[in-house]
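Below is one structure; the comments refer to it alone.
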Number of protein chains: 2
Amino acid sequence: MTTVAPAAILLLSGGLDSYTAGAMARADGFRLFALTVRYGQTHVQEVEAARRAAQALGVERHVELDLDLRDIARSALTGASAVPLDRDVAHEHDIPSTYVPARNTIFLSLALAWAETVGASVIVIGVNALDYSGYPDCRPEYIEAFERMGRLATAAGVGGTALRILAPLQHLSKADIVRRGVDLGLDYSLTHSCYAPTPDGRPCGRCDSCQLRARGFAEAGIPDPALERS
Amino acid sequence: MTTVAPAAILLLSGGLDSYTAGAMARADGFRLFALTVRYGQTHVQEVEAARRAAQALGVERHVELDLDLRDIARSALTGASAVPLDRDVAHEHDIPSTYVPARNTIFLSLALAWAETVGASVIVIGVNALDYSGYPDCRPEYIEAFERMGRLATAAGVGGTALRILAPLQHLSKADIVRRGVDLGLDYSLTHSCYAPTPDGRPCGRCDSCQLRARGFAEAGIPDPALERS
């Protein structure tokens, strides 16, 4: 008897977290359907990185959606203000200006639609509560509330298929994530994390995302191959 | 002292429900920000109706977003199959093929982003549990679950502003909605409800939406001005 692997929708940004979360889900036996959104982010380089990551993960399908949030979601990442540089990310716990209102809720909602359409009951998201404690929509209680809502939202839920949101990085440090990905054989040179890349596309090294990534690789004792390349 | 009316995001489809819900919120003193989505619906005439309704409601701003769901949300309304005609809407209680996976969740999520951006703590949606008992994302328990999730999703929620989802039509019949709208002086000739309009844009009279609308006007004892016009 041939069994078909269960399907999961992967929210894939092109950064190292979602790539690692996807690889963990694949290692757990899921067929992946990857969803990337061009939402008006100034660092649109990440979409090309998502394409590379989707290919490396061998996803069943990769959909890139266009949804310009600039009219409705004010954020440094949608160009409303400059991306802050040289913040002390280790000690600041306010909500940074790179927070995009309701972004994870929008992305999870889109994943929910696609999950129902392809018959998946699992959505994979690379949120991480430790490094991004400033983002409200990365907290475990938020993810649980979305899961509860999602189970009521769809015909699949009415039919009895219980939606699950997998957030396998939820309680890992960035260093743990990097170690886990390297164990899984991931090529992090494919990924892009920087919020404020230079005109020729190289990471700035100074935004929150660059700092958190650099700290993760440093703590893991592993050189960042994306920096080696650039 | 001048007080500024509180802001509310109105999900405005161009049908009679969302127009009436918006008018009720306006009568309750809200300034309205109307959001309409071109999601790949075959009956895109409703977007023009939304524009007329937004103008009639005197909204502060009307945003039309493009978000093509056809790749990820299989539905008769996104062209995956023919819109069913001549169903016995009074007696069928299955989930119809016009159900669009996670559509209300996606729309509410977009409204949540805009709410946070303009400082609104209220979202108005014209869902109606009685007529559309077949749609899972019109049920009161779904709306409540979204509200709970939305309060955890945003920086505004973290700051203590409790999100409210207003669904003023939730327990009204279509006839009640029509009566209420007429009392408020609404011009329903501006609205469009049909899922399968004729090539020249007139309502088919046979889809679920046309049938429910016709039944509502008939029960209210009021002629439908949209039909008078066509």
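Letters for chains follow the order of the structure tokens (A, B, ...), residue numbers begin at 1 for each chain, and ligand numbers begin at 1 in the order shown.
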Which residues of chain B sit at most 7 Å from chain A, using only C-alpha atoms? Give each one's shortest atom pair and distance in Å (one decimal place), in chain and ascending residue order, as a Markdown table.
```
| residue | atom | partner | partner_atom | distance |
| --- | --- | --- | --- | --- |
| B:Asp66 | CA | A:Leu67 | CA | 6.5 |
| B:Leu67 | CA | A:Leu67 | CA | 5.4 |
| B:Ile72 | CA | A:Trp114 | CA | 4.6 |
| B:Ala73 | CA | A:Ala113 | CA | 5.5 |
| B:Arg74 | CA | A:Thr117 | CA | 5.7 |
| B:Pro101 | CA | A:Ala113 | CA | 4.7 |
| B:Ala102 | CA | A:Ala113 | CA | 4.8 |
| B:Thr105 | CA | A:Ser109 | CA | 5.9 |
| B:Ile106 | CA | A:Ser109 | CA | 5.1 |
| B:Ser109 | CA | A:Ile106 | CA | 5.1 |
| B:Leu110 | CA | A:Ile106 | CA | 6.3 |
| B:Leu112 | CA | A:Ala102 | CA | 6.2 |
| B:Ala113 | CA | A:Pro101 | CA | 4.7 |
| B:Trp114 | CA | A:Ile72 | CA | 4.5 |
| B:Glu116 | CA | A:Pro101 | CA | 6.3 |
| B:Thr117 | CA | A:Arg74 | CA | 5.7 |
| B:Pro136 | CA | A:Thr154 | CA | 5.7 |
| B:Asp137 | CA | A:Ala153 | CA | 4.8 |
| B:Tyr142 | CA | A:Leu152 | CA | 5.4 |
| B:Ala145 | CA | A:Met149 | CA | 4.8 |
| B:Phe146 | CA | A:Met149 | CA | 5.6 |
| B:Arg148 | CA | A:Ala145 | CA | 7.0 |
| B:Met149 | CA | A:Ala145 | CA | 4.8 |
| B:Leu152 | CA | A:Tyr142 | CA | 5.4 |
| B:Ala153 | CA | A:Asp137 | CA | 4.8 |
| B:Thr154 | CA | A:Pro136 | CA | 5.7 |
| B:Ala155 | CA | A:Pro136 | CA | 6.0 |
| B:Val158 | CA | A:Pro136 | CA | 6.9 |
```
Selected residues written out, N, CA and C atoms, as a short mmCIF file (atom, residue, chain, number, x, y, z; two decimals), in the first residue's frame:
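out_7.cif, written as the output of this step:
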```cif
data_model
loop_
_atom_site.label_atom_id
_atom_site.label_comp_id
_atom_site.auth_asym_id
_atom_site.auth_seq_id
_atom_site.Cartn_x
_atom_site.Cartn_y
_atom_site.Cartn_z
N ASP B 66 -5.89 44.80 -3.95
CA ASP B 66 -5.81 43.69 -4.89
C ASP B 66 -5.12 42.51 -4.22
N LEU B 67 -5.82 41.40 -4.16
CA LEU B 67 -5.25 40.18 -3.56
C LEU B 67 -5.88 39.01 -4.29
N ILE B 72 -4.90 30.09 -4.45
CA ILE B 72 -4.88 29.41 -3.14
C ILE B 72 -6.26 29.13 -2.55
N ALA B 73 -7.32 29.70 -3.12
CA ALA B 73 -8.64 29.51 -2.51
C ALA B 73 -9.64 29.04 -3.56
N ARG B 74 -9.88 27.74 -3.56
CA ARG B 74 -10.77 27.14 -4.56
C ARG B 74 -12.23 27.40 -4.18
N PRO B 101 -12.65 29.56 0.86
CA PRO B 101 -11.87 29.18 2.03
C PRO B 101 -11.23 30.38 2.74
N ALA B 102 -11.54 30.50 4.02
CA ALA B 102 -10.90 31.49 4.91
C ALA B 102 -11.08 32.95 4.49
N THR B 105 -11.68 35.36 7.31
CA THR B 105 -10.47 35.45 8.14
C THR B 105 -9.43 36.35 7.48
N ILE B 106 -9.26 36.19 6.18
CA ILE B 106 -8.31 37.04 5.45
C ILE B 106 -8.76 38.50 5.50
N SER B 109 -8.32 39.99 8.90
CA SER B 109 -6.90 40.20 9.19
C SER B 109 -6.39 41.48 8.55
N LEU B 110 -6.82 41.72 7.31
CA LEU B 110 -6.44 42.96 6.64
C LEU B 110 -7.03 44.17 7.38
N LEU B 112 -7.66 44.25 10.49
CA LEU B 112 -6.91 44.36 11.75
C LEU B 112 -5.65 45.19 11.56
N ALA B 113 -4.95 44.94 10.45
CA ALA B 113 -3.74 45.72 10.14
C ALA B 113 -4.09 47.21 10.01
N TRP B 114 -5.14 47.49 9.25
CA TRP B 114 -5.51 48.89 9.01
C TRP B 114 -6.01 49.54 10.30
N GLU B 116 -5.04 48.94 13.30
CA GLU B 116 -3.89 49.33 14.11
C GLU B 116 -3.22 50.58 13.53
N THR B 117 -3.14 50.65 12.21
CA THR B 117 -2.46 51.77 11.55
C THR B 117 -3.20 53.09 11.76
N PRO B 136 -19.07 28.59 7.47
CA PRO B 136 -18.53 28.46 8.83
C PRO B 136 -18.04 29.79 9.40
N ASP B 137 -17.52 30.66 8.53
CA ASP B 137 -16.93 31.90 9.03
C ASP B 137 -17.94 33.05 9.13
N TYR B 142 -17.27 31.80 15.65
CA TYR B 142 -16.09 32.14 14.85
C TYR B 142 -15.70 33.61 15.07
N ALA B 145 -14.02 34.07 18.32
CA ALA B 145 -12.66 33.51 18.34
C ALA B 145 -11.69 34.44 17.61
N PHE B 146 -12.17 35.08 16.52
CA PHE B 146 -11.31 36.03 15.82
C PHE B 146 -11.01 37.22 16.73
N ARG B 148 -10.90 37.33 19.99
CA ARG B 148 -9.92 36.92 21.02
C ARG B 148 -8.52 36.88 20.43
N MET B 149 -8.38 36.27 19.26
CA MET B 149 -7.08 36.17 18.59
C MET B 149 -6.55 37.56 18.27
N LEU B 152 -4.72 39.56 20.82
CA LEU B 152 -3.35 39.14 21.12
C LEU B 152 -2.39 39.44 19.97
N ALA B 153 -2.95 39.77 18.79
CA ALA B 153 -2.13 39.81 17.57
C ALA B 153 -1.34 41.09 17.39
N THR B 154 -1.79 42.16 18.00
CA THR B 154 -1.25 43.47 17.61
C THR B 154 -0.57 44.21 18.75
N ALA B 155 0.24 45.18 18.36
CA ALA B 155 0.87 46.05 19.34
C ALA B 155 -0.20 46.84 20.09
N VAL B 158 -1.39 44.78 22.81
CA VAL B 158 -0.41 44.75 23.90
C VAL B 158 -0.53 46.03 24.72
#
```
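Near range 78-88 of chain A, within 7 Å and counting only C-alpha atoms, sit A:Gly40, A:Gln41, A:Thr42, A:Arg70, A:Arg74, A:Ser75, A:Ala76, A:Ala90, A:His91, A:Glu92, A:Thr98, A:Tyr195, A:Ala196, A:Arg206, A:Cys207, A:Asp208; same-chain residues fewer than 2 positions away were not included.
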How would the residues just picked look written out with C-alpha atoms as a compact mmCIF listing (two decimals), in the first residue's frame?
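File written: part15.txt
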```
# COMPACT_ATOMS: atom_id res chain seq x y z
CA GLY A 40 5.50 45.91 -0.15
CA GLN A 41 8.55 45.09 1.98
CA THR A 42 11.49 47.33 1.19
CA ARG A 70 1.62 49.83 2.19
CA ARG A 74 2.36 51.35 8.59
CA SER A 75 5.85 49.99 9.31
CA ALA A 76 9.52 50.69 8.72
CA ALA A 90 20.01 42.34 23.47
CA HIS A 91 18.47 44.83 25.88
CA GLU A 92 15.59 46.62 24.14
CA THR A 98 9.88 47.14 11.97
CA TYR A 195 15.91 44.63 6.58
CA ALA A 196 18.08 47.37 5.03
CA ARG A 206 23.34 46.91 11.55
CA CYS A 207 19.57 46.32 11.54
CA ASP A 208 17.92 44.16 14.21
```
Self-check item: Contacts of range 119-129 of chain A within 9 Å, only C-alpha atoms, excl. fewer than 4 positions in-chain, as a ChimeraX atom specification
Solution: /A:6-12,16-22,25,104,108,111-112,114-115,133-135,137-140,156-157,161-174
What would chain A look like once superposed on chain B, with the fit done by least squares over all C-alpha atoms paired in order? Give it as an mmCIF file with C-alpha atoms, in the first residue's frame.
```cif
data_model
loop_
_atom_site.group_PDB
_atom_site.id
_atom_site.type_symbol
_atom_site.label_atom_id
_atom_site.label_comp_id
_atom_site.auth_asym_id
_atom_site.auth_seq_id
_atom_site.Cartn_x
_atom_site.Cartn_y
_atom_site.Cartn_z
ATOM 1 C CA MET A 1 -13.960 70.891 23.596
ATOM 2 C CA THR A 2 -14.070 69.148 20.249
ATOM 3 C CA THR A 3 -14.293 65.381 20.407
ATOM 4 C CA VAL A 4 -13.278 63.272 17.461
ATOM 5 C CA ALA A 5 -15.599 60.384 16.631
ATOM 6 C CA PRO A 6 -14.007 56.958 17.149
ATOM 7 C CA ALA A 7 -12.759 55.219 14.005
ATOM 8 C CA ALA A 8 -13.974 51.871 12.720
ATOM 9 C CA ILE A 9 -12.787 49.733 9.812
ATOM 10 C CA LEU A 10 -15.714 48.613 7.650
ATOM 11 C CA LEU A 11 -15.377 45.533 5.454
ATOM 12 C CA LEU A 12 -17.397 46.682 2.463
ATOM 13 C CA SER A 13 -18.227 44.204 -0.294
ATOM 14 C CA GLY A 14 -20.805 46.194 -2.233
ATOM 15 C CA GLY A 15 -23.662 43.922 -1.203
ATOM 16 C CA LEU A 16 -26.558 45.079 0.914
ATOM 17 C CA ASP A 17 -25.347 43.532 4.183
ATOM 18 C CA SER A 18 -22.034 45.369 4.498
ATOM 19 C CA TYR A 19 -23.634 48.642 3.335
ATOM 20 C CA THR A 20 -26.292 48.297 6.052
ATOM 21 C CA ALA A 21 -23.752 47.312 8.717
ATOM 22 C CA GLY A 22 -21.725 50.403 7.798
ATOM 23 C CA ALA A 23 -24.777 52.652 8.049
ATOM 24 C CA MET A 24 -25.601 51.202 11.482
ATOM 25 C CA ALA A 25 -22.044 51.862 12.691
ATOM 26 C CA ARG A 26 -22.172 55.390 11.291
ATOM 27 C CA ALA A 27 -25.494 55.950 13.099
ATOM 28 C CA ASP A 28 -23.718 54.795 16.267
ATOM 29 C CA GLY A 29 -21.177 57.576 15.821
ATOM 30 C CA PHE A 30 -18.209 55.896 14.135
ATOM 31 C CA ARG A 31 -16.008 57.457 11.478
ATOM 32 C CA LEU A 32 -15.674 54.805 8.796
ATOM 33 C CA PHE A 33 -12.612 53.530 6.949
ATOM 34 C CA ALA A 34 -13.925 51.188 4.243
ATOM 35 C CA LEU A 35 -11.917 48.256 2.892
ATOM 36 C CA THR A 36 -12.840 46.371 -0.286
ATOM 37 C CA VAL A 37 -10.843 43.491 -1.738
ATOM 38 C CA ARG A 38 -10.592 42.491 -5.385
ATOM 39 C CA TYR A 39 -9.817 38.849 -4.623
ATOM 40 C CA GLY A 40 -10.450 37.326 -8.017
ATOM 41 C CA GLN A 41 -14.225 37.146 -7.574
ATOM 42 C CA THR A 42 -16.017 36.489 -10.834
ATOM 43 C CA HIS A 43 -18.718 39.027 -9.865
ATOM 44 C CA VAL A 44 -16.281 41.932 -9.780
ATOM 45 C CA GLN A 45 -19.241 44.271 -10.323
ATOM 46 C CA GLU A 46 -19.539 44.308 -6.536
ATOM 47 C CA VAL A 47 -16.381 46.417 -6.306
ATOM 48 C CA GLU A 48 -18.067 49.229 -8.240
ATOM 49 C CA ALA A 49 -21.060 48.876 -5.940
ATOM 50 C CA ALA A 50 -18.700 49.140 -2.953
ATOM 51 C CA ARG A 51 -17.354 52.392 -4.371
ATOM 52 C CA ARG A 52 -20.905 53.775 -4.658
ATOM 53 C CA ALA A 53 -21.770 52.589 -1.138
ATOM 54 C CA ALA A 54 -18.585 54.091 0.331
ATOM 55 C CA GLN A 55 -19.478 57.426 -1.189
ATOM 56 C CA ALA A 56 -23.067 57.247 0.050
ATOM 57 C CA LEU A 57 -21.823 56.407 3.544
ATOM 58 C CA GLY A 58 -19.443 59.363 3.490
ATOM 59 C CA VAL A 59 -16.503 57.246 4.615
ATOM 60 C CA GLU A 60 -13.295 58.957 5.642
ATOM 61 C CA ARG A 61 -11.289 56.765 3.288
ATOM 62 C CA HIS A 62 -11.984 53.841 0.962
ATOM 63 C CA VAL A 63 -9.148 51.458 0.148
ATOM 64 C CA GLU A 64 -9.499 48.876 -2.609
ATOM 65 C CA LEU A 65 -6.910 46.138 -2.209
ATOM 66 C CA ASP A 66 -5.821 43.682 -4.886
ATOM 67 C CA LEU A 67 -5.265 40.187 -3.546
ATOM 68 C CA ASP A 68 -5.751 37.468 -6.116
ATOM 69 C CA LEU A 69 -6.866 34.393 -4.194
ATOM 70 C CA ARG A 70 -7.460 32.196 -7.236
ATOM 71 C CA ASP A 71 -4.195 30.292 -6.750
ATOM 72 C CA ILE A 72 -4.892 29.408 -3.133
ATOM 73 C CA ALA A 73 -8.656 29.497 -2.512
ATOM 74 C CA ARG A 74 -10.778 27.146 -4.547
ATOM 75 C CA SER A 75 -14.388 28.338 -4.852
ATOM 76 C CA ALA A 76 -17.173 28.847 -7.354
ATOM 77 C CA LEU A 77 -16.729 32.568 -6.616
ATOM 78 C CA THR A 78 -13.102 32.453 -7.767
ATOM 79 C CA GLY A 79 -14.027 30.617 -10.945
ATOM 80 C CA ALA A 80 -13.079 27.063 -9.928
ATOM 81 C CA SER A 81 -16.571 25.824 -10.805
ATOM 82 C CA ALA A 82 -19.888 27.229 -11.997
ATOM 83 C CA VAL A 83 -21.971 29.241 -9.524
ATOM 84 C CA PRO A 84 -24.890 26.947 -8.576
ATOM 85 C CA LEU A 85 -28.293 28.212 -9.682
ATOM 86 C CA ASP A 86 -31.818 27.432 -8.475
ATOM 87 C CA ARG A 87 -30.745 25.763 -5.235
ATOM 88 C CA ASP A 88 -33.442 25.469 -2.600
ATOM 89 C CA VAL A 89 -31.772 27.961 -0.244
ATOM 90 C CA ALA A 90 -34.593 27.721 2.276
ATOM 91 C CA HIS A 91 -33.924 24.051 2.916
ATOM 92 C CA GLU A 92 -30.302 23.280 2.028
ATOM 93 C CA HIS A 93 -27.856 23.540 4.878
ATOM 94 C CA ASP A 94 -24.659 22.125 3.401
ATOM 95 C CA ILE A 95 -21.655 24.351 2.797
ATOM 96 C CA PRO A 96 -22.201 25.664 -0.737
ATOM 97 C CA SER A 97 -19.527 25.731 -3.457
ATOM 98 C CA THR A 98 -19.632 29.539 -3.250
ATOM 99 C CA TYR A 99 -17.878 29.284 0.108
ATOM 100 C CA VAL A 100 -14.417 30.844 -0.283
ATOM 101 C CA PRO A 101 -11.869 29.176 2.045
ATOM 102 C CA ALA A 102 -10.905 31.489 4.918
ATOM 103 C CA ARG A 103 -12.180 34.589 3.124
ATOM 104 C CA ASN A 104 -13.614 36.297 6.181
ATOM 105 C CA THR A 105 -10.474 35.457 8.152
ATOM 106 C CA ILE A 106 -8.309 37.041 5.448
ATOM 107 C CA PHE A 107 -10.536 40.131 5.236
ATOM 108 C CA LEU A 108 -10.691 40.555 9.026
ATOM 109 C CA SER A 109 -6.894 40.191 9.200
ATOM 110 C CA LEU A 110 -6.441 42.957 6.638
ATOM 111 C CA ALA A 111 -8.911 45.097 8.609
ATOM 112 C CA LEU A 112 -6.918 44.366 11.762
ATOM 113 C CA ALA A 113 -3.745 45.731 10.152
ATOM 114 C CA TRP A 114 -5.512 48.889 9.023
ATOM 115 C CA ALA A 115 -7.235 49.286 12.397
ATOM 116 C CA GLU A 116 -3.885 49.338 14.121
ATOM 117 C CA THR A 117 -2.454 51.770 11.568
ATOM 118 C CA VAL A 118 -5.279 54.350 11.906
ATOM 119 C CA GLY A 119 -5.806 53.778 15.625
ATOM 120 C CA ALA A 120 -9.218 52.109 15.355
ATOM 121 C CA SER A 121 -10.227 49.475 17.877
ATOM 122 C CA VAL A 122 -13.406 48.448 16.056
ATOM 123 C CA ILE A 123 -13.959 46.374 12.898
ATOM 124 C CA VAL A 124 -17.440 46.209 11.356
ATOM 125 C CA ILE A 125 -18.468 43.157 9.316
ATOM 126 C CA GLY A 126 -21.851 42.382 7.793
ATOM 127 C CA VAL A 127 -21.968 38.652 8.529
ATOM 128 C CA ASN A 128 -25.343 37.177 9.189
ATOM 129 C CA ALA A 129 -25.725 33.789 10.849
ATOM 130 C CA LEU A 130 -29.337 33.149 9.913
ATOM 131 C CA ASP A 131 -29.282 33.413 6.148
ATOM 132 C CA TYR A 132 -25.766 32.020 5.704
ATOM 133 C CA SER A 133 -25.776 29.199 8.191
ATOM 134 C CA GLY A 134 -23.800 27.197 5.621
ATOM 135 C CA TYR A 135 -20.712 29.425 5.877
ATOM 136 C CA PRO A 136 -18.522 28.451 8.844
ATOM 137 C CA ASP A 137 -16.941 31.905 9.034
ATOM 138 C CA CYS A 138 -20.252 33.676 9.597
ATOM 139 C CA ARG A 139 -21.009 31.931 12.906
ATOM 140 C CA PRO A 140 -20.966 33.915 16.158
ATOM 141 C CA GLU A 141 -18.463 31.518 17.754
ATOM 142 C CA TYR A 142 -16.082 32.130 14.862
ATOM 143 C CA ILE A 143 -16.385 35.915 15.179
ATOM 144 C CA GLU A 144 -15.723 35.683 18.936
ATOM 145 C CA ALA A 145 -12.647 33.507 18.344
ATOM 146 C CA PHE A 146 -11.298 36.017 15.830
ATOM 147 C CA GLU A 147 -11.814 38.835 18.336
ATOM 148 C CA ARG A 148 -9.894 36.914 21.023
ATOM 149 C CA MET A 149 -7.063 36.161 18.589
ATOM 150 C CA GLY A 150 -7.016 39.755 17.298
ATOM 151 C CA ARG A 151 -6.548 41.125 20.800
ATOM 152 C CA LEU A 152 -3.330 39.115 21.110
ATOM 153 C CA ALA A 153 -2.126 39.795 17.566
ATOM 154 C CA THR A 154 -1.258 43.470 17.622
ATOM 155 C CA ALA A 155 0.865 46.049 19.363
ATOM 156 C CA ALA A 156 -2.374 47.963 20.027
ATOM 157 C CA GLY A 157 -3.655 44.908 21.889
ATOM 158 C CA VAL A 158 -0.422 44.735 23.896
ATOM 159 C CA GLY A 159 -0.946 48.415 24.701
ATOM 160 C CA GLY A 160 -4.315 47.584 26.198
ATOM 161 C CA THR A 161 -6.778 48.669 23.485
ATOM 162 C CA ALA A 162 -9.277 45.839 23.297
ATOM 163 C CA LEU A 163 -10.286 45.024 19.736
ATOM 164 C CA ARG A 164 -13.998 44.696 19.117
ATOM 165 C CA ILE A 165 -15.590 43.041 16.083
ATOM 166 C CA LEU A 166 -19.032 44.509 15.483
ATOM 167 C CA ALA A 167 -21.352 42.216 13.550
ATOM 168 C CA PRO A 168 -24.614 44.128 13.899
ATOM 169 C CA LEU A 169 -26.517 41.901 11.447
ATOM 170 C CA GLN A 170 -25.440 38.690 13.158
ATOM 171 C CA HIS A 171 -28.891 37.668 14.363
ATOM 172 C CA LEU A 172 -31.118 39.559 11.907
ATOM 173 C CA SER A 173 -33.081 37.998 9.069
ATOM 174 C CA LYS A 174 -32.566 39.435 5.578
ATOM 175 C CA ALA A 175 -36.001 41.082 5.885
ATOM 176 C CA ASP A 176 -34.966 42.714 9.188
ATOM 177 C CA ILE A 177 -31.777 43.970 7.534
ATOM 178 C CA VAL A 178 -33.727 45.505 4.636
ATOM 179 C CA ARG A 179 -36.215 47.156 7.013
ATOM 180 C CA ARG A 180 -33.401 48.511 9.143
ATOM 181 C CA GLY A 181 -31.594 49.918 6.095
ATOM 182 C CA VAL A 182 -34.724 51.538 4.691
ATOM 183 C CA ASP A 183 -35.329 53.145 8.119
ATOM 184 C CA LEU A 184 -31.783 54.540 7.891
ATOM 185 C CA GLY A 185 -32.575 55.976 4.462
ATOM 186 C CA LEU A 186 -30.265 53.677 2.487
ATOM 187 C CA ASP A 187 -30.478 53.468 -1.290
ATOM 188 C CA TYR A 188 -30.184 49.771 -2.065
ATOM 189 C CA SER A 189 -30.113 50.465 -5.794
ATOM 190 C CA LEU A 190 -26.419 51.206 -5.223
ATOM 191 C CA THR A 191 -25.670 47.650 -4.097
ATOM 192 C CA HIS A 192 -24.855 44.454 -5.968
ATOM 193 C CA SER A 193 -25.505 40.973 -4.541
ATOM 194 C CA CYS A 194 -25.535 38.595 -7.517
ATOM 195 C CA TYR A 195 -22.823 35.916 -7.811
ATOM 196 C CA ALA A 196 -23.509 35.214 -11.511
ATOM 197 C CA PRO A 197 -24.514 38.463 -13.223
ATOM 198 C CA THR A 198 -25.515 38.516 -16.899
ATOM 199 C CA PRO A 199 -22.919 39.804 -19.392
ATOM 200 C CA ASP A 200 -24.479 43.283 -19.143
ATOM 201 C CA GLY A 201 -24.157 43.213 -15.338
ATOM 202 C CA ARG A 202 -27.752 42.516 -14.285
ATOM 203 C CA PRO A 203 -28.516 40.085 -11.418
ATOM 204 C CA CYS A 204 -29.286 36.518 -12.521
ATOM 205 C CA GLY A 205 -32.120 36.062 -10.024
ATOM 206 C CA ARG A 206 -31.170 32.392 -9.578
ATOM 207 C CA CYS A 207 -27.993 32.174 -7.476
ATOM 208 C CA ASP A 208 -28.179 31.814 -3.681
ATOM 209 C CA SER A 209 -27.391 35.470 -3.150
ATOM 210 C CA CYS A 210 -30.130 36.678 -5.527
ATOM 211 C CA GLN A 211 -32.625 34.302 -3.918
ATOM 212 C CA LEU A 212 -31.797 35.391 -0.354
ATOM 213 C CA ARG A 213 -31.985 39.036 -1.343
ATOM 214 C CA ALA A 214 -35.318 38.591 -3.141
ATOM 215 C CA ARG A 215 -36.757 36.714 -0.172
ATOM 216 C CA GLY A 216 -35.603 39.469 2.194
ATOM 217 C CA PHE A 217 -37.225 42.257 0.198
ATOM 218 C CA ALA A 218 -40.393 40.174 -0.297
ATOM 219 C CA GLU A 219 -40.711 39.397 3.422
ATOM 220 C CA ALA A 220 -40.106 43.063 4.247
ATOM 221 C CA GLY A 221 -42.817 44.014 1.752
ATOM 222 C CA ILE A 222 -40.473 46.406 -0.035
ATOM 223 C CA PRO A 223 -39.582 46.342 -3.756
ATOM 224 C CA ASP A 224 -35.871 45.878 -4.511
ATOM 225 C CA PRO A 225 -34.735 49.154 -6.131
ATOM 226 C CA ALA A 226 -31.805 47.392 -7.831
ATOM 227 C CA LEU A 227 -34.321 45.307 -9.792
ATOM 228 C CA GLU A 228 -36.485 48.334 -10.513
ATOM 229 C CA ARG A 229 -33.447 49.975 -12.042
ATOM 230 C CA SER A 230 -32.403 47.070 -14.220
#
```
Practice problem: Identify all residues of range 92-223 of chain A in alpha helix (DSSP H) (DSSP on the backbone) and supply them as number ranges by chain. | Solution: A: 103-118, 140-153, 155-158, 174-183, 208-220
Quick one: pick out all strand (DSSP E or B) residues within range 1-221 of chain A from a backbone DSSP run and write them as a CSV table (one decimal) with C-alpha atoms, in the first residue's frame.
```csv
chain,number,residue,atom,x,y,z
A,7,ALA,CA,0.6,18.1,3.4
A,8,ALA,CA,1.6,21.2,5.2
A,9,ILE,CA,1.5,24.9,4.2
A,10,LEU,CA,4.9,26.6,4.9
A,11,LEU,CA,5.0,30.3,5.3
A,31,ARG,CA,5.0,17.4,1.9
A,32,LEU,CA,5.4,21.2,1.7
A,33,PHE,CA,3.4,23.9,0.0
A,34,ALA,CA,5.4,27.1,0.4
A,35,LEU,CA,3.7,30.5,0.4
A,36,THR,CA,5.6,33.8,0.1
A,37,VAL,CA,4.1,37.2,0.1
A,38,ARG,CA,5.3,40.3,-1.7
A,61,ARG,CA,4.5,24.0,-5.0
A,62,HIS,CA,5.7,27.5,-4.3
A,63,VAL,CA,3.1,30.3,-4.6
A,64,GLU,CA,4.3,34.0,-4.5
A,65,LEU,CA,1.3,36.2,-3.7
A,66,ASP,CA,1.2,40.0,-4.3
A,85,LEU,CA,20.1,50.6,12.8
A,122,VAL,CA,-1.0,21.8,9.2
A,123,ILE,CA,0.5,25.3,8.8
A,124,VAL,CA,4.2,25.7,9.5
A,164,ARG,CA,-2.6,22.6,13.8
A,165,ILE,CA,-0.1,25.5,13.6
A,166,LEU,CA,3.4,24.1,13.9
A,207,CYS,CA,19.6,46.3,11.5
```
